[in-house]
$ cat structure_20.cif   # mmCIF, C-alpha atoms
data_entry
#
loop_
_atom_site.group_PDB
_atom_site.id
_atom_site.type_symbol
_atom_site.label_atom_id
_atom_site.label_comp_id
_atom_site.auth_asym_id
_atom_site.auth_seq_id
_atom_site.Cartn_x
_atom_site.Cartn_y
_atom_site.Cartn_z
ATOM 1 C CA MET A 595 -177.430 -9.247 17.011
ATOM 2 C CA TYR A 596 -176.409 -7.804 13.656
ATOM 3 C CA THR A 597 -176.833 -9.144 10.008
ATOM 4 C CA ARG A 598 -175.093 -6.386 8.136
ATOM 5 C CA MET A 599 -172.124 -4.261 9.087
ATOM 6 C CA PHE A 600 -170.528 -1.287 7.306
ATOM 7 C CA PHE A 601 -166.736 -1.064 7.399
ATOM 8 C CA TYR A 602 -164.920 2.201 6.718
ATOM 9 C CA TRP A 603 -161.318 2.826 5.808
ATOM 10 C CA ILE A 604 -160.175 6.373 6.598
ATOM 11 C CA SER A 605 -157.690 7.963 4.188
ATOM 12 C CA HIS A 606 -155.199 10.270 5.905
ATOM 13 C CA GLN A 607 -154.207 11.970 2.686
ATOM 14 C CA LYS A 608 -157.636 13.034 1.435
ATOM 15 C CA ASN A 609 -159.739 12.814 4.583
ATOM 16 C CA HIS A 610 -162.197 10.655 2.663
ATOM 17 C CA ILE A 611 -164.089 7.549 3.610
ATOM 18 C CA TYR A 612 -163.842 4.315 1.655
ATOM 19 C CA THR A 613 -167.124 2.505 2.120
ATOM 20 C CA ARG A 614 -168.155 -1.022 1.178
ATOM 21 C CA THR A 615 -171.700 -2.124 1.962
ATOM 22 C CA GLY A 616 -173.287 -5.469 1.259
ATOM 23 C CA GLY A 617 -170.678 -6.360 -1.398
ATOM 24 C CA ASN A 618 -171.321 -3.192 -3.490
ATOM 25 C CA LYS A 619 -168.634 -0.564 -4.001
ATOM 26 C CA VAL A 620 -169.663 2.914 -2.905
ATOM 27 C CA SER A 621 -167.617 6.091 -3.020
ATOM 28 C CA SER A 622 -168.293 9.129 -0.838
ATOM 29 C CA GLN A 623 -166.993 12.634 -0.234
ATOM 30 C CA GLY A 624 -164.815 12.724 -3.350
ATOM 31 C CA THR A 625 -163.342 9.234 -3.173
ATOM 32 C CA THR A 626 -163.348 7.736 -6.679
ATOM 33 C CA LEU A 627 -164.587 4.279 -7.554
ATOM 34 C CA LYS A 628 -161.120 3.535 -8.912
ATOM 35 C CA GLU A 629 -159.644 4.247 -5.476
ATOM 36 C CA ALA A 630 -162.271 2.016 -3.900
ATOM 37 C CA ARG A 631 -161.387 -0.765 -6.357
ATOM 38 C CA ASP A 632 -157.716 -0.310 -5.515
ATOM 39 C CA VAL A 633 -158.524 -0.793 -1.846
ATOM 40 C CA LYS A 634 -160.445 -3.988 -2.621
ATOM 41 C CA LYS A 635 -157.594 -5.302 -4.787
ATOM 42 C CA ARG A 636 -154.979 -4.449 -2.177
ATOM 43 C CA TYR A 637 -156.763 -6.513 0.465
ATOM 44 C CA ALA A 638 -158.034 -9.390 -1.670
ATOM 45 C CA HIS A 639 -155.576 -11.744 0.042
ATOM 46 C CA VAL A 640 -157.139 -11.030 3.441
ATOM 47 C CA GLY A 641 -160.721 -11.564 2.305
ATOM 48 C CA ALA A 642 -161.636 -7.909 1.877
ATOM 49 C CA SER A 643 -164.685 -8.818 -0.181
ATOM 50 C CA GLN A 644 -166.182 -10.482 2.872
ATOM 51 C CA LEU A 645 -165.427 -7.750 5.375
ATOM 52 C CA THR A 646 -168.838 -6.139 5.280
ATOM 53 C CA SER A 647 -171.291 -8.869 6.167
ATOM 54 C CA HIS A 648 -171.877 -11.537 8.777
ATOM 55 C CA SER A 649 -174.893 -13.796 8.820
ATOM 56 C CA GLY A 650 -175.327 -13.583 12.596
ATOM 57 C CA TRP A 651 -175.939 -9.824 12.822
ATOM 58 C CA GLU A 652 -179.326 -8.155 12.541
ATOM 59 C CA LYS A 653 -178.628 -4.410 12.731
ATOM 60 C CA THR A 654 -176.527 -2.078 10.650
ATOM 61 C CA ALA A 655 -173.588 0.018 11.673
ATOM 62 C CA THR A 656 -172.951 3.674 10.899
ATOM 63 C CA VAL A 657 -169.666 5.431 10.351
ATOM 64 C CA ILE A 658 -168.073 7.466 13.122
ATOM 65 C CA ARG A 659 -165.302 9.842 12.106
ATOM 66 C CA LEU A 660 -161.955 9.343 13.757
ATOM 67 C CA SER A 661 -160.013 12.340 14.972
ATOM 68 C CA HIS A 662 -157.121 13.571 12.810
ATOM 69 C CA LYS A 663 -154.552 11.861 15.059
ATOM 70 C CA GLN A 664 -156.371 8.533 14.749
ATOM 71 C CA ARG A 665 -156.561 8.451 10.959
ATOM 72 C CA THR A 666 -154.182 6.134 9.140
ATOM 73 C CA ARG A 667 -153.813 4.960 5.588
ATOM 74 C CA PRO A 668 -155.843 1.858 4.662
ATOM 75 C CA SER A 669 -152.629 -0.137 4.133
ATOM 76 C CA GLU A 670 -151.705 0.500 7.769
ATOM 77 C CA GLN A 671 -155.086 -0.630 9.064
ATOM 78 C CA ALA A 672 -156.031 -3.852 7.343
ATOM 79 C CA ILE A 673 -152.968 -5.903 8.316
ATOM 80 C CA HIS A 674 -151.153 -5.396 11.591
ATOM 81 C CA LEU A 675 -148.532 -8.101 12.048
ATOM 82 C CA ARG A 676 -147.123 -8.532 15.528
ATOM 83 C CA GLN A 677 -144.033 -10.640 16.131
ATOM 84 C CA GLU A 678 -144.684 -11.151 19.833
ATOM 85 C CA THR A 679 -145.883 -14.580 20.882
ATOM 86 C CA ASN A 680 -147.533 -13.491 24.125
ATOM 87 C CA MET A 681 -151.171 -13.530 23.069
ATOM 88 C CA SER A 682 -152.509 -16.112 25.485
ATOM 89 C CA ILE A 683 -155.457 -18.203 26.632
ATOM 90 C CA SER A 684 -155.372 -19.272 30.288
ATOM 91 C CA GLU A 685 -157.817 -21.713 31.850
ATOM 92 C CA ARG A 686 -158.003 -21.965 35.615
ATOM 93 C CA LEU A 687 -157.782 -25.534 36.908
ATOM 94 C CA TYR A 688 -158.486 -24.779 40.562
ATOM 95 C CA ILE A 689 -158.421 -22.228 43.335
ATOM 96 C CA ARG A 690 -157.409 -23.006 46.900
ATOM 97 C CA TRP A 691 -158.318 -20.722 49.795
ATOM 98 C CA PHE A 692 -155.918 -21.716 52.547
ATOM 99 C CA PRO A 693 -156.334 -23.760 54.662
ATOM 100 C CA ASP A 694 -159.223 -25.273 52.618
ATOM 101 C CA GLU A 695 -158.753 -27.882 49.905
ATOM 102 C CA ALA A 696 -158.478 -26.911 46.244
ATOM 103 C CA SER A 697 -161.636 -26.845 44.114
ATOM 104 C CA GLU A 698 -162.953 -25.345 40.884
ATOM 105 C CA PRO A 699 -166.492 -23.981 41.219
ATOM 106 C CA THR A 700 -166.264 -21.957 37.998
ATOM 107 C CA SER A 701 -165.445 -22.073 34.310
ATOM 108 C CA THR A 702 -162.690 -19.446 34.228
ATOM 109 C CA LEU A 703 -160.923 -18.279 31.088
ATOM 110 C CA VAL A 704 -158.546 -15.327 30.638
ATOM 111 C CA LEU A 705 -157.811 -13.963 27.156
ATOM 112 C CA THR A 706 -154.795 -11.633 26.857
ATOM 113 C CA THR A 707 -153.643 -9.742 23.751
ATOM 114 C CA PRO A 708 -150.014 -8.993 22.791
ATOM 115 C CA GLY A 709 -150.686 -5.465 24.069
ATOM 116 C CA ARG A 710 -151.511 -7.072 27.456
ATOM 117 C CA HIS A 711 -155.205 -6.196 27.494
ATOM 118 C CA PHE A 712 -157.333 -8.941 28.990
ATOM 119 C CA VAL A 713 -160.870 -10.129 29.688
ATOM 120 C CA ASP A 714 -161.240 -12.610 32.576
ATOM 121 C CA LEU A 715 -164.669 -14.268 32.908
ATOM 122 C CA ARG A 716 -165.575 -16.706 35.682
ATOM 123 C CA PHE A 717 -168.927 -18.426 35.161
ATOM 124 C CA THR A 718 -170.435 -20.491 37.968
ATOM 125 C CA LEU A 719 -170.634 -24.217 37.249
ATOM 126 C CA PRO A 720 -172.439 -26.350 36.243
ATOM 127 C CA ALA A 721 -173.438 -25.406 32.699
ATOM 128 C CA PRO A 722 -175.233 -23.638 31.149
ATOM 129 C CA LEU A 723 -172.877 -20.737 31.781
ATOM 130 C CA SER A 724 -175.500 -18.155 32.728
ATOM 131 C CA THR A 725 -174.347 -17.024 36.195
ATOM 132 C CA LEU A 726 -171.269 -14.884 36.687
ATOM 133 C CA GLU A 727 -169.045 -15.296 39.715
ATOM 134 C CA TRP A 728 -166.672 -12.536 38.598
ATOM 135 C CA GLY A 729 -165.929 -10.660 35.407
ATOM 136 C CA ILE A 730 -162.866 -8.439 34.954
ATOM 137 C CA ALA A 731 -161.187 -6.501 32.153
ATOM 138 C CA GLY A 732 -158.057 -4.400 32.189
ATOM 139 C CA ARG A 733 -154.298 -4.537 31.691
ATOM 140 C CA SER A 734 -151.614 -6.987 32.742
ATOM 141 C CA VAL A 735 -148.594 -5.037 34.025
ATOM 142 C CA GLY A 736 -146.644 -7.663 35.961
ATOM 143 C CA THR A 737 -143.511 -9.680 35.280
ATOM 144 C CA PRO A 738 -143.087 -13.419 34.601
ATOM 145 C CA THR A 739 -142.521 -14.009 38.328
ATOM 146 C CA GLN A 740 -144.847 -11.374 39.801
ATOM 147 C CA GLY A 741 -148.259 -11.079 38.197
ATOM 148 C CA LYS A 742 -150.180 -7.822 38.492
ATOM 149 C CA TRP A 743 -153.469 -6.939 36.811
ATOM 150 C CA ILE A 744 -154.990 -3.445 36.698
ATOM 151 C CA HIS A 745 -158.790 -3.671 36.744
ATOM 152 C CA GLU A 746 -160.632 -1.217 34.494
ATOM 153 C CA ILE A 747 -163.982 -3.057 34.602
ATOM 154 C CA SER A 748 -165.237 -5.335 37.367
ATOM 155 C CA SER A 749 -168.590 -7.003 37.900
ATOM 156 C CA ARG A 750 -168.152 -6.659 41.663
ATOM 157 C CA THR A 751 -167.673 -2.923 41.993
ATOM 158 C CA THR A 752 -168.095 0.399 40.227
ATOM 159 C CA HIS A 753 -164.596 1.302 41.491
ATOM 160 C CA PRO A 754 -162.421 -1.425 39.961
ATOM 161 C CA GLU A 755 -159.260 0.575 40.593
ATOM 162 C CA ASP A 756 -159.684 -0.244 44.285
ATOM 163 C CA GLU A 757 -159.444 -4.001 43.685
ATOM 164 C CA SER A 758 -156.046 -5.544 44.355
ATOM 165 C CA ASP A 759 -155.012 -8.319 41.964
ATOM 166 C CA GLU A 760 -151.394 -9.369 42.373
ATOM 167 C CA GLY A 761 -149.665 -12.679 42.972
ATOM 168 C CA THR A 762 -146.381 -14.544 42.793
ATOM 169 C CA MET A 763 -146.061 -16.762 39.717
ATOM 170 C CA SER A 764 -144.127 -20.036 39.570
ATOM 171 C CA PRO A 765 -144.115 -23.067 37.260
ATOM 172 C CA ASP A 766 -145.861 -26.221 38.387
ATOM 173 C CA GLN A 767 -143.269 -28.887 39.120
ATOM 174 C CA THR A 768 -145.134 -31.712 37.396
ATOM 175 C CA ARG A 769 -147.032 -30.026 34.535
ATOM 176 C CA PRO A 770 -144.988 -27.916 32.080
ATOM 177 C CA ASP A 771 -148.008 -26.004 30.750
ATOM 178 C CA VAL A 772 -149.339 -25.010 34.199
ATOM 179 C CA GLU A 773 -148.421 -21.983 36.324
ATOM 180 C CA LEU A 774 -149.226 -21.458 39.990
ATOM 181 C CA GLU A 775 -150.322 -18.065 41.278
ATOM 182 C CA ARG A 776 -150.166 -17.342 44.990
ATOM 183 C CA GLY A 777 -151.274 -14.223 46.792
ATOM 184 C CA ARG A 778 -153.866 -12.661 49.054
ATOM 185 C CA MET A 779 -157.300 -11.290 48.116
ATOM 186 C CA ALA A 780 -160.863 -10.989 49.375
ATOM 187 C CA HIS A 781 -162.840 -14.225 49.530
ATOM 188 C CA PRO A 782 -165.897 -13.883 47.221
ATOM 189 C CA GLU A 783 -168.357 -15.156 49.844
ATOM 190 C CA THR A 784 -167.079 -13.541 53.041
ATOM 191 C CA GLY A 785 -165.094 -10.555 51.778
ATOM 192 C CA GLU A 786 -162.363 -11.560 54.227
ATOM 193 C CA PRO A 787 -158.766 -11.290 52.902
ATOM 194 C CA ARG A 788 -157.404 -14.839 52.525
ATOM 195 C CA GLU A 789 -154.268 -16.491 51.199
ATOM 196 C CA TYR A 790 -154.981 -18.318 47.934
ATOM 197 C CA GLU A 791 -153.399 -20.427 45.222
ATOM 198 C CA GLU A 792 -154.624 -20.739 41.638
ATOM 199 C CA ALA A 793 -153.437 -23.138 38.940
ATOM 200 C CA TRP A 794 -153.503 -21.782 35.380
ATOM 201 C CA LYS A 795 -153.186 -23.969 32.283
ATOM 202 C CA ALA A 796 -151.905 -22.440 29.027
ATOM 203 C CA ILE A 797 -154.264 -23.315 26.162
ATOM 204 C CA PRO A 798 -152.617 -23.366 22.698
ATOM 205 C CA VAL A 799 -153.855 -20.507 20.484
ATOM 206 C CA LEU A 800 -155.205 -21.867 17.199
ATOM 207 C CA ALA A 801 -155.228 -20.438 13.685
ATOM 208 C CA LEU A 802 -158.775 -20.807 12.361
ATOM 209 C CA PRO A 803 -160.134 -21.325 8.834
ATOM 210 C CA GLY A 804 -161.011 -17.999 7.260
ATOM 211 C CA ASP A 805 -158.657 -15.923 9.389
ATOM 212 C CA ALA A 806 -156.407 -13.595 7.467
ATOM 213 C CA PRO A 807 -153.537 -13.755 6.772
ATOM 214 C CA PRO A 808 -153.980 -17.541 6.385
ATOM 215 C CA ASP A 809 -152.449 -19.803 9.023
ATOM 216 C CA HIS A 810 -151.900 -16.908 11.411
ATOM 217 C CA ARG A 811 -153.224 -16.771 14.948
ATOM 218 C CA VAL A 812 -155.445 -13.730 15.534
ATOM 219 C CA SER A 813 -155.889 -11.389 18.482
ATOM 220 C CA VAL A 814 -158.337 -8.452 18.583
ATOM 221 C CA TRP A 815 -159.131 -5.859 21.257
ATOM 222 C CA LEU A 816 -162.233 -3.643 21.012
ATOM 223 C CA GLU A 817 -162.962 -0.908 23.532
ATOM 224 C CA LEU A 818 -166.294 0.825 24.115
ATOM 225 C CA GLN A 819 -165.975 4.592 23.872
ATOM 226 C CA ARG A 820 -166.837 6.311 27.145
ATOM 227 C CA THR A 821 -169.764 8.363 25.930
ATOM 228 C CA LYS A 822 -171.556 8.232 29.297
ATOM 229 C CA PRO A 823 -170.343 8.232 32.915
ATOM 230 C CA GLY A 824 -170.274 4.750 34.396
ATOM 231 C CA ARG A 825 -170.232 2.985 31.010
ATOM 232 C CA ARG A 826 -167.234 0.803 30.146
ATOM 233 C CA GLY A 827 -166.801 -2.109 27.800
ATOM 234 C CA THR A 828 -164.111 -4.403 26.387
ATOM 235 C CA VAL A 829 -164.106 -7.279 23.897
ATOM 236 C CA VAL A 830 -161.043 -9.503 23.411
ATOM 237 C CA ARG A 831 -160.626 -12.309 20.923
ATOM 238 C CA VAL A 832 -157.618 -14.614 21.018
ATOM 239 C CA GLY A 833 -157.589 -17.468 18.517
ATOM 240 C CA GLN A 834 -160.522 -19.791 19.134
ATOM 241 C CA PHE A 835 -162.124 -17.801 21.990
ATOM 242 C CA CYS A 836 -163.755 -14.379 22.334
ATOM 243 C CA GLN A 837 -165.009 -12.713 25.518
ATOM 244 C CA GLY A 838 -166.670 -9.381 26.205
ATOM 245 C CA ILE A 839 -167.817 -7.436 29.249
ATOM 246 C CA VAL A 840 -169.878 -4.225 29.513
ATOM 247 C CA ARG A 841 -170.761 -2.339 32.683
ATOM 248 C CA GLU A 842 -173.331 0.445 32.603
ATOM 249 C CA GLY A 843 -173.956 1.695 36.128
ATOM 250 C CA GLU A 844 -175.039 -1.343 38.132
ATOM 251 C CA SER A 845 -175.825 -3.416 35.029
ATOM 252 C CA ILE A 846 -173.328 -6.077 33.897
ATOM 253 C CA SER A 847 -173.370 -8.037 30.645
ATOM 254 C CA VAL A 848 -170.796 -10.625 29.541
ATOM 255 C CA GLN A 849 -170.385 -13.008 26.619
ATOM 256 C CA ARG A 850 -168.101 -15.932 25.847
ATOM 257 C CA TRP A 851 -167.763 -17.423 22.364
ATOM 258 C CA ALA A 852 -165.813 -20.526 21.334
ATOM 259 C CA TRP A 853 -164.858 -22.165 18.033
ATOM 260 C CA ALA A 854 -165.958 -25.799 18.009
ATOM 261 C CA ASP A 855 -167.002 -28.287 15.329
ATOM 262 C CA GLY A 856 -166.085 -25.876 12.546
ATOM 263 C CA LYS A 857 -168.131 -22.897 13.718
ATOM 264 C CA TRP A 858 -168.408 -20.190 16.371
ATOM 265 C CA ALA A 859 -170.919 -20.664 19.184
ATOM 266 C CA GLN A 860 -171.923 -18.526 22.134
ATOM 267 C CA VAL A 861 -171.198 -20.665 25.202
ATOM 268 C CA GLY A 862 -171.657 -18.150 28.026
ATOM 269 C CA LEU A 863 -174.079 -15.244 28.453
ATOM 270 C CA VAL A 864 -175.155 -12.921 31.248
ATOM 271 C CA GLY A 865 -177.141 -9.712 30.708
ATOM 272 C CA ASP A 866 -178.749 -8.215 27.615
ATOM 273 C CA ILE A 867 -176.364 -5.478 26.433
ATOM 274 C CA ALA A 868 -175.306 -6.200 22.833
ATOM 275 C CA MET A 869 -171.594 -6.309 22.069
ATOM 276 C CA PRO A 870 -169.785 -6.910 18.762
ATOM 277 C CA CYS A 871 -168.022 -10.197 19.569
ATOM 278 C CA GLU A 872 -169.043 -11.669 16.218
ATOM 279 C CA LEU A 873 -167.279 -8.899 14.308
ATOM 280 C CA THR A 874 -163.932 -10.176 15.562
ATOM 281 C CA PHE A 875 -164.499 -13.356 13.565
ATOM 282 C CA GLU A 876 -163.856 -11.368 10.357
ATOM 283 C CA PRO A 877 -160.806 -9.244 9.450
ATOM 284 C CA LEU A 878 -161.142 -5.795 11.009
ATOM 285 C CA PRO A 879 -159.233 -2.618 10.098
ATOM 286 C CA ARG A 880 -157.281 -1.402 13.098
ATOM 287 C CA ARG A 881 -158.229 2.050 14.471
ATOM 288 C CA SER A 882 -161.673 1.897 12.870
ATOM 289 C CA VAL A 883 -164.851 2.414 14.861
ATOM 290 C CA ILE A 884 -168.162 0.577 14.952
ATOM 291 C CA SER A 885 -171.534 2.058 15.821
ATOM 292 C CA HIS A 886 -175.006 0.520 15.718
ATOM 293 C CA ASP A 887 -178.159 2.191 14.452
ATOM 294 C CA ASN A 888 -180.482 3.418 17.207
ATOM 295 C CA SER A 889 -177.676 3.044 19.736
ATOM 296 C CA ASP A 890 -175.079 5.343 21.267
ATOM 297 C CA PHE A 891 -172.719 2.430 21.920
ATOM 298 C CA VAL A 892 -169.586 3.115 19.879
ATOM 299 C CA TRP A 893 -166.720 0.603 19.781
ATOM 300 C CA GLU A 894 -163.164 1.293 18.638
ATOM 301 C CA VAL A 895 -160.833 -1.343 17.185
ATOM 302 C CA LYS A 896 -157.780 -0.693 19.366
ATOM 303 C CA GLU A 897 -155.573 -3.683 18.579
ATOM 304 C CA VAL A 898 -155.407 -6.279 15.797
ATOM 305 C CA ALA A 899 -152.500 -8.721 15.936
ATOM 306 C CA TYR A 900 -151.485 -11.717 13.824
ATOM 307 C CA PHE A 901 -148.754 -14.239 14.454
#
$ encode --input "structure_20.cif" --output "structure tokens"
Amino acid sequence: MYTRMFFYWISHQKNHIYTRTGGNKVSSQGTTLKEARDVKKRYAHVGASQLTSHSGWEKTATVIRLSHKQRTRPSEQAIHLRQETNMSISERLYIRWFPDEASEPTSTLVLTTPGRHFVDLRFTLPAPLSTLEWGIAGRSVGTPTQGKWIHEISSRTTHPEDESDEGTMSPDQTRPDVELERGRMAHPETGEPREYEEAWKAIPVLALPGDAPPDHRVSVWLELQRTKPGRRGTVVRVGQFCQGIVREGESISVQRWAWADGKWAQVGLVGDIAMPCELTFEPLPRRSVISHDNSDFVWEVKEVAYF
């Protein structure tokens, strides 16, 4: 966990770093205090003065330089408005392995960004959500009628690219907010390929107090830089939910957070690898990077969308 974070805006023109730490303005490498004040003023409407701290974090972060191609002006980072409406939260209502009856042995939630990056976590019921049936992260590349998901991280294998995840999509005839997915995949207990059907309910994405711009729904995608073989990680926040998954060799860690009763709470946890889910609760500059002291885990803010 982390109590204090450092956020850095990278200036393309001067190759300087704007730094704000603990509410105090700091200039470095030739950046003037006036320029730093201008940055603060420019982003006052998105809560820039609160970007650098979060009460739930206990470590500090250090700056990691972006490559020349990754650097953008601060004005291009802090607000990234997307006009697409396809950020989504999907809750599974049941799975049916034919010819068996339908059931739901898990708490399954899929968060998908407008850029079609997703984290799909399936915790075994009943609560507490501390046992993982399956965790997946990757990209959705299908069509409205033919779903297809490319796995980049999987809790079941170190070769997620070998997992097939594709099904025919159709609307439920009685529930307008439910879609049915039908296909064929390996049964989790036997490994035998079986025909299946899943029902997915669309959960409305909420705009939360404190999000910026105000009254906008927020989506964030963080990706762990691949500094070591066998290490992959993804965090996705969509509206009132955030989920993360990290695989390092045979070790798997996942987290699920939910907004309820006016605050964020961690509602699902497996493993002990720290991940920056809580940072997505504050405005984040797109294309920035986050590192933690005494750690070689480096996360990049790949997508920030508001609608």
$ resolve_selection --input "structure_20.cif" --expression "the PyMOL selection byres ((chain A and resi 845) around 10)" --output "ChimeraX atom specification"
/A:749,824-825,840-844,846-847,865-867
$ resolve_selection --input "structure_20.cif" --expression "the PyMOL selection byres ((chain A and resi 828-835) around 9)" --output "PyMOL selection string"
chain A and resi 681-683+705-707+711-713+731-732+747+798-802+811-818+826-827+836-840+849-854+858+869-871+874-875+893
$ resolve_selection --input "structure_20.cif" --expression "the PyMOL selection byres ((chain A and resi 746) around 8)" --output "list of chain:residue names"
A:Ile730, A:Ala731, A:Gly732, A:Arg733, A:Ile744, A:His745, A:Ile747, A:Ser748, A:Pro754, A:Glu755
$ closest_residue --input "structure_20.cif" --among "A:Asp809, A:Asp759, A:Lys742, A:Arg690" --to "A:Glu789" --atoms "all atoms listed in the file"
A:Arg690
$ residues_near_point --input "structure_20.cif" --point "(-145.6, -12.8, 39.7)" --cutoff "10 Å" --atoms "only C-alpha atoms" --output "ChimeraX atom specification"
/A:736-742,760-764,774-777
$ closest_residue --input "structure_20.cif" --among "A:Glu792, A:Ser734, A:Arg710, A:Thr751" --to "A:Asp766" --atoms "all atoms listed in the file"
A:Glu792
$ atom_distance --input "structure_20.cif" --atom1 "atom CA of A:Thr702" --atom2 "atom CA of A:Gly729"
9.4 Å
$ atom_distance --input "structure_20.cif" --atom1 "atom CA of A:Ser684" --atom2 "atom CA of A:Glu773"
9.6 Å
$ atom_distance --input "structure_20.cif" --atom1 "atom CA of A:Gln860" --atom2 "atom CA of A:Ser882"
24.7 Å
$ closest_residue --input "structure_20.cif" --among "A:Ala721, A:Lys822, A:Val772, A:Glu791" --to "A:Ala696" --atoms "only C-alpha atoms"
A:Glu791
$ closest_residue --input "structure_20.cif" --among "A:Phe717, A:Tyr790, A:Trp691, A:Phe901" --to "A:Ala806" --atoms "all atoms listed in the file"
A:Phe901
$ closest_residue --input "structure_20.cif" --among "A:Thr821, A:Arg880, A:Glu685, A:Pro782" --to "A:Lys896" --atoms "only C-alpha atoms"
A:Arg880
$ closest_residue --input "structure_20.cif" --among "A:Ile689, A:Ile797, A:Ala780, A:Leu723" --to "A:Leu863" --atoms "only C-alpha atoms"
A:Leu723
